[in-house]
Amino acid sequence: MTKPPAPKRHLPTSPFKAPVAPPPKDFAVGDQVTHDMYGLGRVIGIEDGVAALVDFGSLQERILSPYTKMSKL
């Protein structure tokens, strides 16, 4: 098993622009979402900036921020 590469640092003396961080994902109660591991679900609870409680039908999961594997439909 290999580790993912470490993120590259931006040096202040670099002639290239610093990479822009993607905006944080915002979810609201009632949003329909898809998750890479659990599939389709619906947001049933939000903890501000910390986690989202999602009902995937057969189970409910607490998905932690930054929600890398989850997207809104």
# chains A, B, ... in the order shown; residues from 1 in each chain; ligands from 1
$ residues_around --residues "Ile63 in chain A" --least-positions-apart "3" --cutoff "9 Å" --atoms "only C-alpha atoms" --output "PDB file with all heavy atoms, in the first residue's frame"
ATOM      1  N   VAL A  50     -18.859  21.117  10.974  1.00  0.00           N
ATOM      2  CA  VAL A  50     -18.205  19.946  11.560  1.00  0.00           C
ATOM      3  C   VAL A  50     -18.604  18.664  10.850  1.00  0.00           C
ATOM      4  O   VAL A  50     -17.752  17.891  10.426  1.00  0.00           O
ATOM      5  CB  VAL A  50     -18.536  19.833  13.066  1.00  0.00           C
ATOM      6  CG1 VAL A  50     -17.908  18.584  13.653  1.00  0.00           C
ATOM      7  CG2 VAL A  50     -18.072  21.063  13.808  1.00  0.00           C
ATOM      8  N   ALA A  51     -19.901  18.443  10.705  1.00  0.00           N
ATOM      9  CA  ALA A  51     -20.373  17.177  10.142  1.00  0.00           C
ATOM     10  C   ALA A  51     -21.794  17.323   9.619  1.00  0.00           C
ATOM     11  O   ALA A  51     -22.491  18.281   9.934  1.00  0.00           O
ATOM     12  CB  ALA A  51     -20.328  16.077  11.198  1.00  0.00           C
ATOM     13  N   ALA A  52     -22.190  16.335   8.820  1.00  0.00           N
ATOM     14  CA  ALA A  52     -23.556  16.243   8.318  1.00  0.00           C
ATOM     15  C   ALA A  52     -24.064  14.840   8.616  1.00  0.00           C
ATOM     16  O   ALA A  52     -23.346  13.862   8.410  1.00  0.00           O
ATOM     17  CB  ALA A  52     -23.598  16.517   6.824  1.00  0.00           C
ATOM     18  N   LEU A  53     -25.286  14.739   9.101  1.00  0.00           N
ATOM     19  CA  LEU A  53     -25.915  13.445   9.340  1.00  0.00           C
ATOM     20  C   LEU A  53     -26.742  13.118   8.109  1.00  0.00           C
ATOM     21  O   LEU A  53     -27.610  13.897   7.713  1.00  0.00           O
ATOM     22  CB  LEU A  53     -26.798  13.487  10.587  1.00  0.00           C
ATOM     23  CG  LEU A  53     -27.455  12.178  10.993  1.00  0.00           C
ATOM     24  CD1 LEU A  53     -26.407  11.118  11.307  1.00  0.00           C
ATOM     25  CD2 LEU A  53     -28.360  12.376  12.184  1.00  0.00           C
ATOM     26  N   VAL A  54     -26.419  11.983   7.472  1.00  0.00           N
ATOM     27  CA  VAL A  54     -27.052  11.631   6.200  1.00  0.00           C
ATOM     28  C   VAL A  54     -27.747  10.281   6.331  1.00  0.00           C
ATOM     29  O   VAL A  54     -27.177   9.326   6.863  1.00  0.00           O
ATOM     30  CB  VAL A  54     -25.999  11.578   5.064  1.00  0.00           C
ATOM     31  CG1 VAL A  54     -26.656  11.284   3.734  1.00  0.00           C
ATOM     32  CG2 VAL A  54     -25.219  12.885   4.991  1.00  0.00           C
ATOM     33  N   PRO A  66     -14.211  17.859   5.541  1.00  0.00           N
ATOM     34  CA  PRO A  66     -14.574  18.693   4.399  1.00  0.00           C
ATOM     35  C   PRO A  66     -15.380  17.978   3.324  1.00  0.00           C
ATOM     36  O   PRO A  66     -15.464  18.463   2.205  1.00  0.00           O
ATOM     37  CB  PRO A  66     -13.237  19.143   3.846  1.00  0.00           C
ATOM     38  CG  PRO A  66     -12.328  17.996   4.090  1.00  0.00           C
ATOM     39  CD  PRO A  66     -12.814  17.410   5.401  1.00  0.00           C
ATOM     40  N   TYR A  67     -16.013  16.888   3.614  1.00  0.00           N
ATOM     41  CA  TYR A  67     -16.938  16.198   2.712  1.00  0.00           C
ATOM     42  C   TYR A  67     -16.296  15.882   1.360  1.00  0.00           C
ATOM     43  O   TYR A  67     -16.880  16.098   0.313  1.00  0.00           O
ATOM     44  CB  TYR A  67     -18.199  17.036   2.467  1.00  0.00           C
ATOM     45  CG  TYR A  67     -18.823  17.630   3.696  1.00  0.00           C
ATOM     46  CD1 TYR A  67     -18.846  19.000   3.892  1.00  0.00           C
ATOM     47  CD2 TYR A  67     -19.398  16.820   4.658  1.00  0.00           C
ATOM     48  CE1 TYR A  67     -19.424  19.554   5.024  1.00  0.00           C
ATOM     49  CE2 TYR A  67     -19.983  17.357   5.800  1.00  0.00           C
ATOM     50  CZ  TYR A  67     -19.981  18.728   5.975  1.00  0.00           C
ATOM     51  OH  TYR A  67     -20.554  19.269   7.087  1.00  0.00           O
ATOM     52  N   MET A  70     -18.347  13.334  -0.758  1.00  0.00           N
ATOM     53  CA  MET A  70     -19.774  13.566  -0.866  1.00  0.00           C
ATOM     54  C   MET A  70     -20.049  14.809  -1.704  1.00  0.00           C
ATOM     55  O   MET A  70     -19.334  15.798  -1.607  1.00  0.00           O
ATOM     56  CB  MET A  70     -20.372  13.761   0.537  1.00  0.00           C
ATOM     57  CG  MET A  70     -21.870  13.775   0.557  1.00  0.00           C
ATOM     58  SD  MET A  70     -22.573  13.607   2.222  1.00  0.00           S
ATOM     59  CE  MET A  70     -22.290  15.224   2.900  1.00  0.00           C
TER      60      MET A  70
END
$ select_by_dssp --residues "range 5-35 of chain A" --states "strand (DSSP E or B)" --output "short mmCIF file (atom, residue, chain, number, x, y, z; two decimals) with N, CA, C and O atoms, in the first residue's frame"
data_model
loop_
_atom_site.label_atom_id
_atom_site.label_comp_id
_atom_site.auth_asym_id
_atom_site.auth_seq_id
_atom_site.Cartn_x
_atom_site.Cartn_y
_atom_site.Cartn_z
N GLN A 32 -30.38 16.32 -1.31
CA GLN A 32 -30.09 14.97 -1.77
C GLN A 32 -28.62 14.94 -2.16
O GLN A 32 -28.13 15.84 -2.85
N VAL A 33 -27.90 13.92 -1.68
CA VAL A 33 -26.46 13.83 -1.89
C VAL A 33 -26.08 12.45 -2.38
O VAL A 33 -26.85 11.50 -2.29
N THR A 34 -24.86 12.36 -2.89
CA THR A 34 -24.29 11.07 -3.23
C THR A 34 -22.92 10.97 -2.57
O THR A 34 -22.19 11.97 -2.46
N HIS A 35 -22.60 9.78 -2.08
CA HIS A 35 -21.34 9.53 -1.39
C HIS A 35 -20.62 8.40 -2.12
O HIS A 35 -21.26 7.44 -2.55
#
$ closest_residue --among "A:Leu73, A:Ile46, A:Tyr38, A:Lys25" --to "Gln60 in chain A" --atoms "only C-alpha atoms"
A:Tyr38
$ atom_distance --atom1 "CA of Phe27 in chain A" --atom2 "CA of Pro5 in chain A"
29.0 Å
$ atom_distance --atom1 "CA of Lys17 in chain A" --atom2 "CA of Pro4 in chain A"
23.4 Å
$ atom_distance --atom1 "CA of Thr68 in chain A" --atom2 "CA of Asp36 in chain A"
9.2 Å
$ residues_around --residues "Arg9 in chain A" --least-positions-apart "2" --cutoff "9 Å" --atoms "only C-alpha atoms" --output "count of residues only"
3
